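Text of start-v8.txt, listed as compact mmCIF, C-alpha atoms and all ligand atoms:
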```txt
# COMPACT_ATOMS: atom_id res chain seq x y z
CA MET A 1 94.87 166.19 148.88
CA LYS A 2 94.32 168.17 145.70
CA SER A 3 93.11 165.53 143.28
CA ASP A 4 94.79 167.05 140.21
CA LEU A 5 98.31 166.19 141.44
CA ILE A 6 99.90 163.01 140.20
CA GLN A 7 102.81 163.29 142.61
CA TRP A 8 103.56 165.53 145.55
CA ILE A 9 105.67 165.88 148.69
CA GLU A 10 103.95 166.29 152.03
CA LEU A 11 105.92 168.05 154.76
CA ASP A 12 105.01 167.40 158.36
CA ARG A 13 105.29 170.72 160.17
CA SER A 14 104.93 169.19 163.62
CA ALA A 15 107.77 166.73 162.86
CA LEU A 16 110.05 169.59 161.80
CA ASN A 17 109.23 171.56 164.93
CA HIS A 18 109.77 168.49 167.04
CA ASN A 19 113.22 167.91 165.48
CA LEU A 20 114.19 171.55 166.01
CA ARG A 21 113.18 171.28 169.66
CA GLN A 22 115.31 168.17 170.03
CA PHE A 23 118.38 170.09 168.86
CA ARG A 24 117.44 173.06 171.01
CA SER A 25 117.37 170.77 174.01
CA LEU A 26 120.89 169.57 173.12
CA ILE A 27 122.41 173.04 172.71
CA GLY A 28 120.45 175.15 175.19
CA LYS A 29 118.88 178.57 174.73
CA ARG A 30 122.08 180.62 174.64
CA ARG A 31 123.48 179.19 171.42
CA LYS A 32 122.17 179.91 167.97
CA LEU A 33 120.56 177.20 165.89
CA LEU A 34 121.18 177.49 162.17
CA ALA A 35 118.80 175.48 159.97
CA MET A 36 120.67 174.31 156.91
CA VAL A 37 118.24 174.72 154.03
CA LYS A 38 120.71 174.42 151.18
CA ALA A 39 120.04 172.05 148.27
CA ASN A 40 116.34 172.89 148.33
CA ALA A 41 116.33 172.06 152.05
CA TYR A 42 117.76 168.62 151.34
CA GLY A 43 115.00 168.15 148.78
CA HIS A 44 112.22 169.14 151.16
CA GLY A 45 111.52 172.53 149.55
CA MET A 46 113.64 175.49 150.61
CA LEU A 47 111.03 178.19 151.07
CA GLU A 48 108.48 175.95 152.79
CA THR A 49 111.13 174.58 155.14
CA ALA A 50 112.79 177.93 155.85
CA ARG A 51 109.45 179.51 156.78
CA MET A 52 108.63 176.67 159.16
CA ALA A 53 112.13 176.64 160.66
CA VAL A 54 112.26 180.34 161.54
CA ALA A 55 108.70 180.22 162.86
CA GLY A 56 110.04 177.48 165.15
CA GLU A 57 113.37 177.24 166.97
CA ALA A 58 115.76 178.22 164.17
CA ASP A 59 117.65 181.51 164.61
CA TRP A 60 119.57 181.48 161.35
CA LEU A 61 119.29 179.91 157.91
CA GLY A 62 122.17 178.37 155.99
CA VAL A 63 122.39 178.08 152.20
CA HIS A 64 125.05 177.01 149.73
CA SER A 65 124.73 179.61 147.00
CA PHE A 66 123.96 183.30 147.02
CA GLU A 67 121.11 182.59 144.59
CA GLU A 68 119.49 180.47 147.31
CA GLY A 69 119.97 183.37 149.73
CA VAL A 70 118.41 185.81 147.28
CA ALA A 71 115.44 183.44 146.83
CA LEU A 72 114.90 183.49 150.61
CA ARG A 73 114.94 187.31 150.62
CA ASP A 74 112.62 187.47 147.60
CA ALA A 75 110.21 185.29 149.57
CA GLY A 76 110.24 187.90 152.34
CA LEU A 77 112.43 186.05 154.84
CA LEU A 78 114.43 188.65 156.77
CA ASP A 79 116.27 186.32 159.17
CA PRO A 80 120.08 186.05 159.16
CA VAL A 81 121.21 183.93 156.20
CA LEU A 82 124.72 182.51 156.01
CA VAL A 83 125.99 181.52 152.56
CA VAL A 84 128.38 178.63 153.18
CA GLY A 85 129.39 178.05 149.56
CA TYR A 86 131.56 180.15 147.25
CA VAL A 87 130.03 183.38 146.01
CA PRO A 88 131.52 184.44 142.66
CA LEU A 89 133.14 187.86 142.85
CA ALA A 90 130.54 189.11 140.38
CA GLY A 91 127.73 187.96 142.68
CA LEU A 92 128.99 189.70 145.82
CA GLU A 93 127.31 193.05 145.25
CA GLU A 94 123.85 191.53 144.94
CA ALA A 95 124.54 189.38 147.99
CA VAL A 96 125.55 192.46 150.03
CA ARG A 97 122.46 194.34 148.90
CA GLN A 98 120.39 191.40 150.15
CA ASP A 99 122.11 191.41 153.56
CA LEU A 100 123.45 187.89 153.20
CA ARG A 101 126.30 186.80 155.45
CA PHE A 102 129.38 185.20 153.97
CA VAL A 103 131.79 182.42 154.72
CA VAL A 104 135.14 183.71 153.45
CA TYR A 105 138.48 182.06 152.85
CA ASN A 106 140.32 184.14 150.31
CA ARG A 107 141.74 187.65 150.04
CA GLU A 108 140.09 188.42 146.72
CA THR A 109 136.61 188.03 148.19
CA VAL A 110 137.45 190.20 151.20
CA LEU A 111 138.97 192.97 149.05
CA ARG A 112 135.99 192.97 146.68
CA LEU A 113 133.53 193.01 149.58
CA ASP A 114 135.32 195.98 151.09
CA LYS A 115 135.04 197.95 147.81
CA ILE A 116 131.37 197.03 147.40
CA CYS A 117 130.50 197.98 150.96
CA GLN A 118 132.30 201.35 150.61
CA LYS A 119 130.35 202.02 147.42
CA LEU A 120 127.00 200.99 148.87
CA ASP A 121 127.75 202.48 152.29
CA LYS A 122 126.69 199.19 153.84
CA GLN A 123 128.19 196.69 156.25
CA ALA A 124 128.86 193.03 155.43
CA TYR A 125 129.17 190.26 158.03
CA LEU A 126 131.91 187.73 157.41
CA HIS A 127 132.68 184.30 158.83
CA LEU A 128 136.19 183.03 158.29
CA LYS A 129 136.36 179.39 157.30
CA VAL A 130 139.45 177.64 158.58
CA GLU A 131 141.05 174.47 157.29
CA THR A 132 141.08 171.84 160.01
CA GLY A 133 141.44 168.69 157.91
CA THR A 134 138.51 168.41 155.52
CA TYR A 135 140.47 170.00 152.68
CA ARG A 136 137.44 171.53 151.11
CA GLN A 137 137.04 175.28 151.67
CA GLY A 138 139.16 176.94 154.32
CA ILE A 139 142.28 178.94 155.07
CA GLU A 140 145.45 177.60 156.61
CA HIS A 141 146.77 178.57 160.03
CA LYS A 142 149.47 180.76 158.56
CA THR A 143 147.09 183.03 156.62
CA LEU A 144 144.40 183.29 159.31
CA ILE A 145 145.68 186.31 161.16
CA ALA A 146 146.51 188.29 158.02
CA LEU A 147 143.00 187.73 156.63
CA ALA A 148 141.34 188.47 159.98
CA LYS A 149 143.35 191.70 160.27
CA GLY A 150 142.42 192.61 156.68
CA ILE A 151 138.75 192.31 157.57
CA ARG A 152 139.17 194.26 160.79
CA SER A 153 141.01 197.07 159.05
CA SER A 154 137.98 197.73 156.86
CA SER A 155 135.49 200.28 158.13
CA CYS A 156 132.53 198.37 156.73
CA LEU A 157 133.38 194.68 157.09
CA VAL A 158 132.46 192.95 160.33
CA LEU A 159 134.30 189.81 161.40
CA GLU A 160 131.29 188.07 162.89
CA GLY A 161 132.24 184.41 162.84
CA ILE A 162 134.81 181.67 162.45
CA SER A 163 133.84 178.22 161.26
CA SER A 164 135.01 174.82 160.12
CA HIS A 165 133.43 171.55 159.01
CA PHE A 166 134.09 167.92 160.02
CA ALA A 167 135.27 165.39 157.45
CA ASN A 168 134.76 162.14 159.30
CA ILE A 169 132.15 162.36 161.97
CA GLU A 170 129.21 160.52 160.36
CA ASP A 171 131.00 157.63 158.71
CA THR A 172 132.60 156.02 161.70
CA THR A 173 132.34 155.20 165.38
CA ASP A 174 136.04 156.07 165.72
CA HIS A 175 136.09 159.80 166.22
CA SER A 176 139.83 160.32 166.51
CA TYR A 177 139.89 162.35 163.27
CA ALA A 178 137.01 164.54 164.47
CA ARG A 179 138.89 165.15 167.72
CA PHE A 180 141.99 166.05 165.70
CA GLN A 181 139.93 168.58 163.71
CA LEU A 182 138.39 170.02 166.86
CA LYS A 183 141.88 170.50 168.29
CA ASN A 184 142.95 172.26 165.08
CA PHE A 185 139.93 174.52 165.30
CA GLN A 186 140.72 175.36 168.90
CA GLU A 187 144.29 176.21 167.90
CA ASN A 188 142.91 178.67 165.36
CA LEU A 189 140.77 180.24 168.08
CA THR A 190 143.82 180.58 170.31
CA LEU A 191 145.74 182.28 167.49
CA LEU A 192 142.96 184.85 167.16
CA ASP A 193 142.79 185.33 170.90
CA ASP A 194 146.53 185.86 171.12
CA ALA A 195 146.28 188.47 168.38
CA GLY A 196 143.55 190.22 170.38
CA ILE A 197 140.91 189.54 167.74
CA GLN A 198 137.45 188.82 169.15
CA VAL A 199 135.03 186.81 167.02
CA PRO A 200 131.53 186.50 168.46
CA LEU A 201 130.28 183.39 166.62
CA LYS A 202 132.39 180.26 166.57
CA HIS A 203 130.78 177.29 164.85
CA MET A 204 131.78 173.90 163.47
CA SER A 205 128.98 171.56 164.48
CA CYS A 206 126.77 169.65 162.00
CA SER A 207 123.97 167.29 163.13
CA ALA A 208 126.26 164.42 164.13
CA ALA A 209 128.63 166.72 166.05
CA ALA A 210 125.69 168.37 167.81
CA MET A 211 124.44 164.94 168.90
CA LEU A 212 127.77 163.46 169.92
CA PHE A 213 130.11 166.21 171.10
CA PRO A 214 128.82 169.10 173.25
CA LYS A 215 132.35 170.55 173.04
CA THR A 216 131.73 171.33 169.37
CA HIS A 217 128.62 173.45 170.04
CA PHE A 218 130.53 176.71 170.59
CA ASP A 219 128.17 179.64 169.79
CA MET A 220 126.09 178.19 166.97
CA VAL A 221 125.32 174.78 165.46
CA ARG A 222 124.50 174.21 161.80
CA VAL A 223 121.93 171.44 161.60
CA GLY A 224 120.94 169.85 158.31
CA ILE A 225 119.95 166.21 158.11
CA GLY A 226 118.69 165.98 161.69
CA LEU A 227 116.31 168.86 161.11
CA TYR A 228 114.58 166.68 158.51
CA GLY A 229 114.19 163.86 161.00
CA LEU A 230 116.93 161.70 159.51
CA TRP A 231 119.98 160.35 161.31
CA PRO A 232 123.33 161.32 159.79
CA SER A 233 124.22 157.62 159.73
CA ARG A 234 123.80 154.35 161.57
CA GLU A 235 127.29 154.92 163.00
CA THR A 236 126.10 158.15 164.60
CA TYR A 237 123.24 156.34 166.29
CA VAL A 238 125.54 153.57 167.50
CA SER A 239 128.06 156.16 168.71
CA CYS A 240 125.34 157.74 170.85
CA LEU A 241 124.65 154.37 172.45
CA MET A 242 128.38 153.70 172.91
CA LYS A 243 128.67 157.02 174.71
CA LYS A 244 125.73 155.99 176.90
CA LYS A 245 123.73 158.94 175.60
CA VAL A 246 120.00 158.57 175.10
CA PRO A 247 119.62 159.21 171.34
CA ILE A 248 117.28 162.08 170.54
CA ARG A 249 114.05 161.01 168.89
CA LEU A 250 113.76 162.30 165.35
CA ARG A 251 110.63 162.31 163.19
CA PRO A 252 110.97 162.24 159.38
CA VAL A 253 109.40 165.30 157.80
CA LEU A 254 108.95 164.19 154.21
CA ASN A 255 106.38 161.91 152.55
CA TRP A 256 106.61 161.37 148.81
CA LYS A 257 103.37 160.30 147.21
CA SER A 258 101.86 159.56 143.83
CA ARG A 259 98.78 157.99 142.27
CA ILE A 260 98.39 155.01 140.02
CA ALA A 261 98.05 156.07 136.37
CA GLN A 262 97.02 152.77 134.81
CA LEU A 263 96.13 149.22 135.86
CA LYS A 264 96.42 146.21 133.62
CA THR A 265 96.55 142.45 133.81
CA VAL A 266 99.44 140.87 131.93
CA PRO A 267 99.84 137.18 131.06
CA SER A 268 102.39 134.89 132.65
CA GLY A 269 105.66 135.23 130.74
CA ALA A 270 105.20 138.94 129.87
CA PHE A 271 108.29 141.14 129.98
CA ILE A 272 107.98 144.39 131.88
CA GLY A 273 109.51 147.72 130.89
CA TYR A 274 112.69 148.85 129.10
CA GLY A 275 115.30 146.20 128.53
CA CYS A 276 112.79 143.44 129.37
CA THR A 277 114.62 142.98 132.68
CA TYR A 278 111.65 141.42 134.48
CA ARG A 279 109.49 138.54 133.26
CA VAL A 280 106.39 137.68 135.26
CA THR A 281 105.87 134.05 136.21
CA ARG A 282 102.14 134.33 136.77
CA ARG A 283 99.17 136.30 135.49
CA THR A 284 99.96 139.65 137.08
CA ARG A 285 98.03 142.76 137.99
CA LEU A 286 100.41 145.61 137.18
CA ALA A 287 100.03 149.24 138.21
CA LEU A 288 101.83 152.14 136.60
CA VAL A 289 103.30 154.79 138.92
CA PRO A 290 103.98 158.10 137.07
CA VAL A 291 107.34 158.78 138.76
CA GLY A 292 110.78 158.16 137.32
CA TYR A 293 114.44 159.03 137.60
CA TYR A 294 113.69 162.54 136.33
CA ASP A 295 111.84 163.03 139.59
CA GLY A 296 114.79 161.78 141.60
CA TYR A 297 113.55 158.22 142.06
CA PRO A 298 116.82 156.28 141.63
CA ARG A 299 117.08 154.00 138.61
CA ASP A 300 119.14 151.68 140.83
CA LEU A 301 115.85 150.76 142.49
CA SER A 302 114.67 148.94 139.33
CA ASN A 303 113.44 145.45 140.27
CA VAL A 304 114.62 146.07 143.84
CA ALA A 305 112.36 148.45 145.73
CA HIS A 306 108.80 148.36 146.92
CA VAL A 307 106.26 151.12 147.50
CA LEU A 308 103.21 151.21 149.73
CA THR A 309 99.65 151.16 148.50
CA LYS A 310 96.52 150.32 150.49
CA GLY A 311 98.94 150.03 153.40
CA GLN A 312 100.74 147.09 151.79
CA ARG A 313 104.07 146.61 150.05
CA ALA A 314 104.01 146.41 146.26
CA PRO A 315 107.28 145.40 144.56
CA LEU A 316 108.72 147.24 141.56
CA ARG A 317 108.76 145.22 138.36
CA GLY A 318 111.14 146.14 135.56
CA ARG A 319 113.23 149.27 135.17
CA VAL A 320 112.60 152.69 136.59
CA ALA A 321 112.18 154.85 133.47
CA MET A 322 112.42 158.62 133.15
CA ASN A 323 108.81 159.20 134.18
CA TYR A 324 107.36 155.81 135.13
CA PHE A 325 107.81 152.55 136.94
CA ALA A 326 105.54 149.56 137.36
CA ILE A 327 104.52 147.71 140.51
CA ASP A 328 102.92 144.33 141.10
CA VAL A 329 99.58 144.64 142.90
CA THR A 330 98.30 141.12 142.21
CA ASP A 331 98.17 140.34 145.93
CA ILE A 332 96.67 143.66 146.99
CA PRO A 333 92.95 143.54 146.35
CA GLY A 334 90.91 146.62 145.54
CA VAL A 335 93.65 148.80 144.01
CA LYS A 336 92.01 151.20 141.57
CA LEU A 337 92.97 153.97 139.16
CA GLU A 338 94.46 156.98 141.04
CA GLU A 339 94.99 154.89 144.17
CA GLU A 340 97.51 156.64 146.43
CA VAL A 341 101.04 155.27 146.50
CA VAL A 342 103.73 156.15 149.05
CA LEU A 343 107.23 156.10 147.59
CA LEU A 344 108.90 157.38 150.73
CA GLY A 345 107.25 157.81 154.10
CA ARG A 346 104.45 156.28 156.08
CA MET A 347 101.20 154.59 155.13
CA ASP A 348 99.04 153.04 157.85
CA GLN A 349 101.30 150.84 159.99
CA ASP A 350 104.16 150.58 157.49
CA GLU A 351 106.98 152.97 156.68
CA LEU A 352 109.48 153.26 153.89
CA THR A 353 112.47 155.23 155.09
CA ALA A 354 115.12 157.22 153.25
CA GLU A 355 117.63 154.84 154.85
CA THR A 356 115.91 151.82 153.30
CA MET A 357 115.91 153.47 149.89
CA ALA A 358 119.53 154.52 150.33
CA GLY A 359 120.45 150.94 151.19
CA TRP A 360 118.76 149.70 148.01
CA ALA A 361 120.46 152.36 145.90
CA GLY A 362 123.91 152.00 147.49
CA THR A 363 123.96 155.58 148.72
CA ILE A 364 123.14 157.69 151.78
CA ASN A 365 119.82 159.13 152.98
CA TYR A 366 121.14 162.66 152.25
CA GLU A 367 121.34 161.87 148.53
CA ILE A 368 117.93 160.18 148.36
CA VAL A 369 116.08 163.24 149.64
CA ALA A 370 118.33 165.93 148.14
CA ARG A 371 117.76 164.64 144.62
CA ILE A 372 113.99 164.79 144.67
CA ASN A 373 112.99 167.04 141.79
CA PRO A 374 112.34 170.60 143.06
CA GLU A 375 109.42 170.93 140.60
CA ILE A 376 107.28 168.45 142.51
CA PRO A 377 104.76 170.40 144.62
CA ARG A 378 105.59 170.58 148.34
CA ILE A 379 102.58 170.70 150.63
CA VAL A 380 102.90 171.58 154.30
CA LYS A 381 100.57 169.63 156.57
C1 LIG B 1 129.18 173.76 155.98
C2 LIG B 1 128.09 172.84 156.43
N1 LIG B 1 127.61 172.95 157.66
C3 LIG B 1 126.62 172.14 158.13
C4 LIG B 1 126.08 171.15 157.33
C5 LIG B 1 125.00 170.28 157.88
O1 LIG B 1 125.41 168.95 157.99
P1 LIG B 1 124.37 167.83 158.45
O2 LIG B 1 123.36 167.74 157.35
O3 LIG B 1 125.18 166.59 158.56
O4 LIG B 1 123.77 168.30 159.73
C6 LIG B 1 126.58 170.99 156.03
C7 LIG B 1 126.07 169.92 155.19
O5 LIG B 1 126.69 169.34 154.36
C8 LIG B 1 127.60 171.86 155.57
O6 LIG B 1 128.11 171.74 154.33
```
In structure tokens, how does this file's structure come out?
Ligand SMILES: Cc1ncc(COP(=O)(O)O)c(C=O)c1O
Amino acid sequence: MKSDLIQWIELDRSALNHNLRQFRSLIGKRRKLLAMVKANAYGHGMLETARMAVAGEADWLGVHSFEEGVALRDAGLLDPVLVVGYVPLAGLEEAVRQDLRFVVYNRETVLRLDKICQKLDKQAYLHLKVETGTYRQGIEHKTLIALAKGIRSSSCLVLEGISSHFANIEDTTDHSYARFQLKNFQENLTLLDDAGIQVPLKHMSCSAAAMLFPKTHFDMVRVGIGLYGLWPSRETYVSCLMKKKVPIRLRPVLNWKSRIAQLKTVPSGAFIGYGCTYRVTRRTRLALVPVGYYDGYPRDLSNVAHVLTKGQRAPLRGRVAMNYFAIDVTDIPGVKLEEEVVLLGRMDQDELTAETMAGWAGTINYEIVARINPEIPRIVK
């Protein structure tokens, strides 16, 4: 590892490829696999991840914002990119120029896209998003056909897809609401069919849906968390077992590492860090880790978490500050300045998972990884 880095993220290419192959084995060769690389690829590094994904099994890339899509194009990625978030009307022209695909759910966007495409003499590929019960983006039943016809009446807009998103598939082992949403989606498909409108790509499956419900695979699945080797939730894993499915084996892709910036011995009774929230009860060997909440290490982990160094667990002492936290290495002999520390990931026989950190912080694994500061160097191994 480059010795001038004080913290970095290592990405395991073989783990990412392995995870992609697991999803490919679930969905077969005929369907498209969209790698969701929004939110800086769930904190993993968007460009690094996108390059690996399309060199592997991924057919499409998914982003939230058109700026993310433009960044992919600027990096030379020419694969199909679907923007799943809202593109401001003023951003549509640039997005069309960059051949991004759009999820659409309002007339204004469609009308503006039509004008832009006429002007540029270009086509744009649109995916209708239908409301099935998440009440986020999406159009209602009653406006579906009018919008679909509006798109079809344009000489330069192509109605390429129809999509929806599940609200309650990860958080529960009771999937009645997911089934209700699937039924709503199917009703939308029937409406289109009855109106004689063909849409080649139907998609509503996220990682959990891809794992649990083959019926949701349709023509494309949009895989996020699973791609990174993380389970959507414990409930998803349990649901697999309840359905007597053999759970796919996922391998975490991300390792977050740092180096010790100072070592010192403090007397028994010393207070550690801001707010004096921890007081040592013995002469203690403390090590300073130059990572803080600015980097995405949750402040909620103050006095709670441990990290790995020399293959052993070292507990956090005191508060996580903006750029630092302290660990107790009294019982870990031989720790020296710039000793490697694993904040998230594997060291020797031990592993610190995003789920463990999420449990400590009272959140979900998605948030732990997605909030890792994009400025930290990502290194593909
Ligand atoms: C529209 C859409 N599709 C797919 C995904 C991927 O979901 P997951 O990370 O659970 O696979 C997301 C993530 O939030 C999403 O917003």
Return the single residue from A:Phe66, A:Phe271, A:Trp256, A:Tyr42 that is closest to ligand LIG 1 (chain B), with distances computed using all atoms listed in the file. A:Tyr42
Looking at A:Leu34, A:Val253, A:Ile379, A:Leu147, which one is nearest to ligand LIG 1 (chain B), with distances taken over only C-alpha atoms and all ligand atoms? A:Leu34
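Minimum distance to ligand LIG 1 (chain B) across A:His64, A:Arg234, A:Lys183, A:Arg317 (counting only C-alpha atoms and all ligand atoms) occurs at A:His64.
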Within 7 Å of ligand LIG 1 (chain B), counting all atoms listed in the file: which residues, as a PyMOL selection string? chain A and resi 36+84+165+205-208+222-226+232
Within 9 Å of A:Lys381, counting only C-alpha atoms, which residues qualify if same-chain residues fewer than 3 places away don't, as an MDAnalysis selection string? chainID A and resid 10:14
Step by step: start from the point (123.5, 184.2, 155.3) in the file's coordinates, keep every protein, DNA or RNA residue that has an atom no farther than 7 Å from it, count all atoms listed in the file, and write the set as a PyMOL selection string. chain A and resi 61-63+69+80-83+100-102
Please, which residues in stretch 213-263 of chain A fall within 12 Å of stretch 277-286 of chain A when counting all atoms listed in the file, and what is the closest atom pair and distance in Å to one decimal for each, ordered by chain then residue number, as a tab-separated table?
```
residue	atom	partner	partner_atom	distance
A:Ile260	CA	A:Leu286	CA	10.0
A:Ala261	CA	A:Leu286	CA	10.8
A:Gln262	CA	A:Leu286	CA	8.3
A:Leu263	CA	A:Leu286	CA	5.8
```
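Between atom CA of A:Asn106 and atom CA of A:Gly150 the separation is 10.8 Å.
Atom to atom, atom CA of A:Asp300 and atom CA of A:Ile332 stand 24.6 Å apart.
Those residues that approach stretch 343-357 of chain A to within 6 Å, counting all atoms listed in the file, are A:Asn255, A:Trp256, A:Lys257, A:Val307, A:Gly311, A:Asn365; same-chain residues fewer than 5 positions away are not listed.
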If you keep C-alpha atoms, can you produce a file of those selected residues as an mmCIF file, in the frame of the given file?
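Written output follows (selection19.cif):
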```
data_model
loop_
_atom_site.group_PDB
_atom_site.id
_atom_site.type_symbol
_atom_site.label_atom_id
_atom_site.label_comp_id
_atom_site.auth_asym_id
_atom_site.auth_seq_id
_atom_site.Cartn_x
_atom_site.Cartn_y
_atom_site.Cartn_z
ATOM 1 C CA ASN A 255 106.380 161.910 152.550
ATOM 2 C CA TRP A 256 106.610 161.370 148.810
ATOM 3 C CA LYS A 257 103.370 160.300 147.210
ATOM 4 C CA VAL A 307 106.260 151.120 147.500
ATOM 5 C CA GLY A 311 98.940 150.030 153.400
ATOM 6 C CA ASN A 365 119.820 159.130 152.980
#
```
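For A:Ala370, the non-local neighbours within 9 Å, defined as residues at least 5 positions apart in the same chain or in other chains and counting all atoms listed in the file, are Ala39, Asn40, Ala41, Tyr42, Gly43, His44, Gly296 and Asn365 of chain A.
Every protein or nucleic acid residue with an atom no more than 8 Å from stretch 142-146 of chain A, counting only C-alpha atoms and leaving out same-chain residues fewer than 4 positions away, appears here: Val130, Gly150, Asn188, Leu191, Leu192 and Ala195 of chain A.
In this structure, atom CA of A:Leu78 sits 29.2 Å away from atom CA of A:Trp231.
Residue nearest A:Cys240 within the list A:Arg371, A:His203, A:His175, A:Arg73: A:His175 [criterion: smallest interatomic distance, only C-alpha atoms].
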Give the answer as one residue: which of A:Gln123, A:Thr49, A:Asn17, A:Thr216 has the shortest atom-to-atom distance to A:Gln98, using all atoms listed in the file? A:Gln123
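Among the candidates A:Arg299, A:Arg319, A:His127, A:Lys202, the one nearest to A:Cys276 when counting all atoms listed in the file is A:Arg319.
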Could you give me the centre and size, in Å to one decimal, of an axis-aligned box around all listed atoms of stretch 147-154 of chain A with 5 Å added on every side, as JSON?
```
{"center_x": 140.7, "center_y": 192.7, "center_z": 158.7, "size_x": 15.4, "size_y": 20.0, "size_z": 14.2}
```
